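Notes follow the structure.
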Amino acid sequence: MKILCCIIFLVFPIAFAVETEKTVSIGRIMFTKNQILGSHILTDIYKQAKIKVEFIDLPGYRVTEELKSGNICAEVFRPFSYGEDHPYFIRISQPINYMQLKAYALKRKKIKIQNWESLKSHSIGIIKGSVLVEKKTADIKDKILVNTIEQLLEMLIKNRVDLFITDEFNAKIFLKQSEHAKLIEELNPPLTEKIPLYHYFSNNCKNISEIIEKKVVELQETKKLEKIINKNREKMFQD
């Protein structure tokens with residue numbers, strides 16, 4: 001019996017070490033600047049945890065399905081409520097970024113909004129797989145779902161929609177590079193406060209999630225997590 005126990009204690013650390021040496025596959029919602037930002041933040045976190053990582057670009061719904069089936073180990077981030085909708089996923093306890101949803105319209109239309117309810121009198125464009133946005137706009141019939149923010153802007157310019165909704169970070173990065181930026185107005189007030197975003201894992205990757213959980217908590221406690229987030233946000237704005 002003593003020999004058996006010794007074998008178990010010797011084999012377990014080796015097996016655990018082999019698992020952490022594997023490259024962790026993380027789903028990233030494609031064509032989304034905030035998800036790219038999240039992948040940069042996670043790259044820094046995983047590097048400190050000494051775990052190799054790769055990002056796989058997929059549509060929003062596909063990321064969920066791939067995580068559910070265990071084909072990928074984790075996904076970049078989602079709001080807290082995503083974990084309530086998908087309780088079989090593992091959510092890291094500390095947020096690693098945030099988003100703030102806003103509406104954007106042509107300046108010449110002088111559109112005024114107050115909240116989600118006030119959007120009902122307008123035609124809107126949103127990005128597919130933005131679960132929170134889809135929930136909030138479920139009652140709006142005049143709505144077009146597309147894959148990219150480029151398509152949202154194109155529909156706005158061509159008057160196919162009155163406004164579009166996206167995360168402020170996504171819009172700022174994209175409009176900074178767009179020839180149409182001067183035509184677009186950011187509508188206020190924002191549709192949401194700043195929403196914390198959390199890293200999620202498949203249950204198949206529980207061991208990896210525990211390592212990252214420990215590392216994220218450590219970075220949070222030492223104030224290094226905020227520095228990682230701010231550094232990457234600033235870098236994307238400058239690039």
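Here's how to read the names in the structure tokens: chain A, B, ... by the order shown, residue numbers from 1 in each chain, ligand numbers from 1 in the order shown.
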Sort by chain and increasing residue number a table of all residues of range 27-141 of chain A within 9 Å of range 148-151 of chain A, each with its closest pair of atoms and their distance in Å to one decimal, counting only C-alpha atoms, and write it as JSON lines.
{"residue": "A:Met30", "atom": "CA", "partner": "A:Thr148", "partner_atom": "CA", "distance": 8.2}
{"residue": "A:Phe31", "atom": "CA", "partner": "A:Thr148", "partner_atom": "CA", "distance": 5.8}
{"residue": "A:Thr32", "atom": "CA", "partner": "A:Thr148", "partner_atom": "CA", "distance": 7.3}
{"residue": "A:Gly125", "atom": "CA", "partner": "A:Gln151", "partner_atom": "CA", "distance": 9.0}
{"residue": "A:Ile126", "atom": "CA", "partner": "A:Ile149", "partner_atom": "CA", "distance": 8.3}
{"residue": "A:Ile127", "atom": "CA", "partner": "A:Thr148", "partner_atom": "CA", "distance": 6.2}
{"residue": "A:Lys128", "atom": "CA", "partner": "A:Thr148", "partner_atom": "CA", "distance": 8.3}
Contacts of range 169-173 of chain A at 10 Å or less, counting only C-alpha atoms, minus same-chain residues fewer than 4 places along, as number ranges by chain? A: 31-37, 98-104, 149-150, 153, 165, 177-178, 181, 186, 233, 236-239
Those residues you just picked out, can you put them in a file as a compact mmCIF listing (two decimals), in the first residue's frame with C-alpha atoms?
# COMPACT_ATOMS: atom_id res chain seq x y z
CA PHE A 31 -13.31 41.10 -35.90
CA THR A 32 -13.71 42.60 -32.40
CA LYS A 33 -11.10 45.06 -31.12
CA ASN A 34 -12.02 44.53 -27.47
CA GLN A 35 -11.48 40.77 -27.88
CA ILE A 36 -8.08 41.45 -29.44
CA LEU A 37 -7.31 43.65 -26.45
CA TYR A 98 -14.47 45.90 -19.10
CA MET A 99 -16.80 47.16 -21.80
CA GLN A 100 -19.28 50.00 -22.09
CA LEU A 101 -22.03 49.83 -24.67
CA LYS A 102 -22.88 52.97 -26.61
CA ALA A 103 -24.93 53.89 -29.67
CA TYR A 104 -23.47 55.64 -32.71
CA ILE A 149 -18.09 46.81 -37.10
CA GLU A 150 -17.07 47.69 -40.67
CA LEU A 153 -20.56 51.60 -40.30
CA ILE A 165 -24.52 49.63 -30.94
CA GLN A 177 -8.79 54.69 -38.66
CA SER A 178 -11.95 55.42 -40.64
CA ALA A 181 -15.07 59.30 -38.46
CA GLU A 186 -21.22 58.97 -30.14
CA ARG A 233 -5.37 49.51 -23.78
CA MET A 236 -3.82 49.58 -28.95
CA PHE A 237 -4.87 53.24 -29.00
CA GLN A 238 -1.36 54.27 -30.07
CA ASP A 239 -0.91 51.62 -32.78
What are the closest atom pairs, with distances in Å to one decimal, for all residues of range 124-209 of chain A lying within 7 Å of range 113-120 of chain A? Consider only C-alpha atoms, order rows by chain and residue number, and present the result as JSON lines.
{"residue": "A:Lys136", "atom": "CA", "partner": "A:Trp116", "partner_atom": "CA", "distance": 6.9}
{"residue": "A:Ile140", "atom": "CA", "partner": "A:Lys120", "partner_atom": "CA", "distance": 5.5}
{"residue": "A:Pro189", "atom": "CA", "partner": "A:Gln114", "partner_atom": "CA", "distance": 6.3}
{"residue": "A:Leu191", "atom": "CA", "partner": "A:Asn115", "partner_atom": "CA", "distance": 5.7}
Store the residues picked out above in a file with all heavy atoms, as a JSON list (two decimals), in the first residue's frame.
[["chain", "number", "residue", "atom", "x", "y", "z"],
["A", 136, "LYS", "N", -30.83, 42.85, -24.79],
["A", 136, "LYS", "CA", -31.36, 44.19, -24.53],
["A", 136, "LYS", "C", -32.19, 44.73, -25.69],
["A", 136, "LYS", "O", -33.02, 45.62, -25.51],
["A", 136, "LYS", "CB", -30.21, 45.16, -24.23],
["A", 136, "LYS", "CG", -29.49, 44.90, -22.91],
["A", 136, "LYS", "CD", -30.36, 45.26, -21.72],
["A", 136, "LYS", "CE", -29.60, 45.22, -20.42],
["A", 136, "LYS", "NZ", -30.46, 45.58, -19.26],
["A", 140, "ILE", "N", -36.83, 44.95, -30.22],
["A", 140, "ILE", "CA", -36.71, 45.85, -31.36],
["A", 140, "ILE", "C", -36.81, 45.05, -32.65],
["A", 140, "ILE", "O", -35.97, 44.19, -32.93],
["A", 140, "ILE", "CB", -35.38, 46.64, -31.31],
["A", 140, "ILE", "CG1", -35.32, 47.49, -30.02],
["A", 140, "ILE", "CG2", -35.23, 47.52, -32.54],
["A", 140, "ILE", "CD1", -34.03, 48.25, -29.85],
["A", 189, "PRO", "N", -26.68, 59.61, -23.08],
["A", 189, "PRO", "CA", -25.80, 58.86, -22.19],
["A", 189, "PRO", "C", -25.47, 57.47, -22.73],
["A", 189, "PRO", "O", -26.17, 56.95, -23.61],
["A", 189, "PRO", "CB", -26.63, 58.75, -20.90],
["A", 189, "PRO", "CG", -28.04, 58.75, -21.40],
["A", 189, "PRO", "CD", -28.06, 59.71, -22.55],
["A", 191, "LEU", "N", -25.39, 53.43, -22.95],
["A", 191, "LEU", "CA", -26.48, 52.49, -22.71],
["A", 191, "LEU", "C", -26.22, 51.64, -21.46],
["A", 191, "LEU", "O", -27.15, 51.06, -20.90],
["A", 191, "LEU", "CB", -26.66, 51.58, -23.93],
["A", 191, "LEU", "CG", -27.16, 52.30, -25.19],
["A", 191, "LEU", "CD1", -27.05, 51.39, -26.40],
["A", 191, "LEU", "CD2", -28.60, 52.78, -25.00]]
Hey, what's within 12 Å of Arg91 in chain A if we count only C-alpha atoms and toss same-chain stuff fewer than 4 positions away? As number ranges by chain, please? A: 74-87, 95-96, 197-203, 205-206, 209-210, 212-213, 216
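Among the candidates A:Ile228, A:Ala105, A:Val24, A:Leu58, the residue lying nearest to Leu183 in chain A is A:Ala105 (atoms considered: only C-alpha atoms).
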DSSP-assigned helix (DSSP H, G or I) members of range 145-186 of chain A, reported as a list in words: Ile149, Glu150, Gln151, Leu152, Leu153, Glu154, Met155, Leu156, Ile157, Glu168, Phe169, Asn170, Ala171, Lys172, Ile173, Phe174, Leu175, Lys176, Ala181, Lys182 and Leu183 of chain A
Rank A:Ile208, A:Ile124, A:Ile184, A:Ile195 by their smallest atom-to-atom distance to Lys52 in chain A, using only C-alpha atoms, and report the top residue only. A:Ile208
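Across the structure, CA of Lys141 in chain A and CA of Lys158 in chain A are spaced 19.5 Å apart.
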